[in-house]
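Enquirer: Starting off with a structure, shown below.
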There are 2 protein chains.
Amino acid sequence: MTSRPAAPPRAYRRLSVEQRKDELLAAARRLFARHAPDAVSLDRVARTAGVSRPLVYRYFPGGKQQLYEAVLRGAAADLERCFTVGASGPLSERLAEVLDRYLTFAVEHGEGFSALLAGGSVVETSRTSAIVDGVRRAAARRVLDHLAVEQPGARLDLTVRTWITSVEAASLIWLDEGRRVPLGELRDWLVDQFIAQLVVTAGRDKETARVLRAAAALEAPGGRVDALVERTLTRMAPATLEL
Amino acid sequence: MTSRPAAPPRAYRRLSVEQRKDELLAAARRLFARHAPDAVSLDRVARTAGVSRPLVYRYFPGGKQQLYEAVLRGAAADLERCFTVGASGPLSERLAEVLDRYLTFAVEHGEGFSALLAGGSVVETSRTSAIVDGVRRAAARRVLDHLAVEQPGARLDLTVRTWITSVEAASLIWLDEGRRVPLGELRDWLVDQFIAQLVVTAGRDKETARVLRAAAALEAPGGRVDALVERTLTRMAPATLEL
């Protein structure tokens, strides 16, 4: 045995309360991103952060539930930032940029992302649902901003919000099935789906038709939307009119 | 006071175990259909069924959670039946029939339907999530049956499953917003959205293009799909090509 005094638990001593809390949160974020919430115990968070279980409780008296909600709020803020892109340029390009970020986020937070959105975990509560709903609402709001619509009517609102859940559902299925389609294709498919959904709604709703025309005026000739129109028209014509 | 003996608790005596259980379930079904699960107590179920709390526990030892799951399984079976319609005639007509039943079910089970699909209740568990997921899977399977597809490729599968969640999300938003659009319009809009989504996927996927052509061949001239094509073509052309 050596006569030197045992090394002090340095990390413990040198960190401020805020730093310590951030470090615990970072450890929890890593774990919740990679595993379903039910598979993340408080002990595991403590171990990953290199601290004791009582210390975790000192910073998060609500235990795992409080940690999970803190991680969730951070992830929600990150997700909401995905939807914030510049307000100029073709709508389809802006949506593609948003989706690129969103899908990258989904890949990086795979397990946790799926567990969160799929629900059914013991740590899901009306409070966590409200956080997730907040992200959906913020995403819909951003999309309406890109469409330059302040107060959407019932039909346009339904179209945008339904598309947001389509994005969510498609990305969950995509992750769950081992990403059988490349990210770029999924992104472009989701942009095309949105445009098609707007077109369908526009067939019944003047507001949506007006918004769609304004958005189409920003599209580059020969760009995404022209390519979609060409692809769908050539498919649609033989599909419904000739056969 | 009269000398006649007190009337026996007739309902209690005359029902068999199965009848009693069915009656309790029926009471629970009515309550869970009209209220969020957190607002339905075991006492309330007992009161509604006119029995004592211990009697409820005799039939459902797992208490409220067990009752809720039993109600949920019944509702899931009802929902799955919505998706079972005859396998002949135009696809768009079959989907419209399915959606008519589904939306009627959603209206009749308003509160409970929303709470269930929106999640976040204390009675939601991985088991209840699995029941709901089972309905989604069964619905996707039925839609694929209508498309005469046994083993869908990744893109067609994604399209069908994403549409199923669109139906779910749109009906939740619709209920939540006080049904601002008539049921028939929502139904037709959802059918049109599915056809548009298939068309978009067909632009990239040969299987979907083939399935869509086969389905289109069953459509009546001047029917739903022709009307959709006409509406969207007339909107799409000025929207993207002329403006």
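Labels used: A, B, ... for chains in the order of the structure tokens, numbers from 1 for residues in each chain, and numbers from 1 for ligands as shown.
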Report as a PyMOL selection string all protein, DNA and RNA residues lying within 10 Å of stretch 134-151 of chain A, evaluated on only C-alpha atoms, omitting residues in the same chain fewer than 4 positions from it.
Expert: chain A and resi 73+75-92+94-95+98+128-130+156-165+168+207-208+211-212+214-215
Enquirer: The selected residues should be written to file as a PDB file, in the first residue's frame (atoms: C-alpha atoms).
Expert:
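For reference, part.pdb as written:
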```pdb
ATOM      1  CA  ARG A  73     -37.476  19.021 -23.435  1.00  0.00           C
ATOM      2  CA  ALA A  75     -34.707  16.985 -27.660  1.00  0.00           C
ATOM      3  CA  ALA A  76     -37.943  18.870 -28.360  1.00  0.00           C
ATOM      4  CA  ALA A  77     -36.010  22.140 -28.598  1.00  0.00           C
ATOM      5  CA  ASP A  78     -33.486  20.494 -30.951  1.00  0.00           C
ATOM      6  CA  LEU A  79     -36.309  19.106 -33.082  1.00  0.00           C
ATOM      7  CA  GLU A  80     -38.030  22.455 -33.262  1.00  0.00           C
ATOM      8  CA  ARG A  81     -34.789  23.997 -34.469  1.00  0.00           C
ATOM      9  CA  CYS A  82     -34.800  21.502 -37.362  1.00  0.00           C
ATOM     10  CA  PHE A  83     -37.884  23.234 -38.668  1.00  0.00           C
ATOM     11  CA  THR A  84     -36.310  26.688 -38.635  1.00  0.00           C
ATOM     12  CA  VAL A  85     -34.759  27.418 -42.006  1.00  0.00           C
ATOM     13  CA  GLY A  86     -34.470  30.594 -44.087  1.00  0.00           C
ATOM     14  CA  ALA A  87     -37.748  31.994 -45.380  1.00  0.00           C
ATOM     15  CA  SER A  88     -36.711  32.566 -48.982  1.00  0.00           C
ATOM     16  CA  GLY A  89     -36.273  30.306 -51.975  1.00  0.00           C
ATOM     17  CA  PRO A  90     -38.561  27.584 -53.318  1.00  0.00           C
ATOM     18  CA  LEU A  91     -40.847  25.979 -50.737  1.00  0.00           C
ATOM     19  CA  SER A  92     -39.840  22.503 -51.852  1.00  0.00           C
ATOM     20  CA  ARG A  94     -36.933  24.673 -47.761  1.00  0.00           C
ATOM     21  CA  LEU A  95     -38.970  21.612 -46.850  1.00  0.00           C
ATOM     22  CA  VAL A  98     -36.046  20.810 -42.876  1.00  0.00           C
ATOM     23  CA  THR A 128     -44.414  13.975 -21.857  1.00  0.00           C
ATOM     24  CA  SER A 129     -47.236  13.720 -24.401  1.00  0.00           C
ATOM     25  CA  ALA A 130     -47.711  17.466 -24.094  1.00  0.00           C
ATOM     26  CA  LEU A 156     -55.362  23.782 -44.970  1.00  0.00           C
ATOM     27  CA  ASP A 157     -54.752  23.297 -41.256  1.00  0.00           C
ATOM     28  CA  LEU A 158     -55.797  19.651 -41.502  1.00  0.00           C
ATOM     29  CA  THR A 159     -53.522  19.127 -44.499  1.00  0.00           C
ATOM     30  CA  VAL A 160     -50.453  20.598 -42.820  1.00  0.00           C
ATOM     31  CA  ARG A 161     -51.003  18.820 -39.503  1.00  0.00           C
ATOM     32  CA  THR A 162     -51.730  15.510 -41.176  1.00  0.00           C
ATOM     33  CA  TRP A 163     -48.532  15.832 -43.185  1.00  0.00           C
ATOM     34  CA  ILE A 164     -46.548  16.491 -39.986  1.00  0.00           C
ATOM     35  CA  THR A 165     -47.812  13.206 -38.560  1.00  0.00           C
ATOM     36  CA  GLU A 168     -43.336  11.321 -38.049  1.00  0.00           C
ATOM     37  CA  GLU A 207     -57.390  29.081 -49.710  1.00  0.00           C
ATOM     38  CA  THR A 208     -55.135  26.085 -50.311  1.00  0.00           C
ATOM     39  CA  VAL A 211     -51.365  29.267 -51.208  1.00  0.00           C
ATOM     40  CA  LEU A 212     -50.222  26.551 -53.577  1.00  0.00           C
ATOM     41  CA  ALA A 214     -48.097  31.435 -54.555  1.00  0.00           C
ATOM     42  CA  ALA A 215     -45.677  28.708 -53.478  1.00  0.00           C
TER      43      ALA A 215
END
```
Enquirer: Taking the backbone alone, and naming residues the way the document does, which bits of stretch 108-220 of chain B are alpha helix (DSSP H) by DSSP, as a PyMOL selection string?
Expert: chain B and resi 108+110-118+126-146+154-176+183-202+206-218
Enquirer: Neighbours of stretch 101-110 of chain B within 9 Å (only C-alpha atoms; same-chain residues fewer than 3 positions away dropped), as JSON, numbers by chain?
Expert: {"B": [30, 32, 33, 34, 35, 78, 79, 82, 83, 96, 97, 98, 113, 114, 115, 171, 172, 175, 176, 183, 186, 187]}
Enquirer: Report, in Å with one decimal, the straight-line distance from atom CA of B:Ser126 to atom CA of A:Asp133.
Expert: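 That distance, rounded to one decimal, is 19.6 Å.
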Enquirer: Excluding stretch 195-204 of chain B and residues on its chain fewer than 4 positions from it, collect all residues at most 9 Å away from it, counting only C-alpha atoms, and give them as a PyMOL selection string.
Expert: (chain A and resi 189+192-193+196-197+199-200+228+230-236+239) or (chain B and resi 92+155-156+159-160+163+190-191+208-212+225+228)
Enquirer: Expressed in Å to a single decimal, how great is the separation between atom CA of A:Gly63 and atom CA of A:Pro37?
Expert: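 Separation of atom CA of A:Gly63 and atom CA of A:Pro37: 13.1 Å.
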Enquirer: Please determine, counting only C-alpha atoms, which residue among A:Asp38, A:Glu69, A:Glu93, A:Asp43 has the shortest atom-to-atom distance to chain B.
Expert: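 Going through A:Asp38, A:Glu69, A:Glu93, A:Asp43 one by one, the smallest distance to chain B is for A:Asp38.
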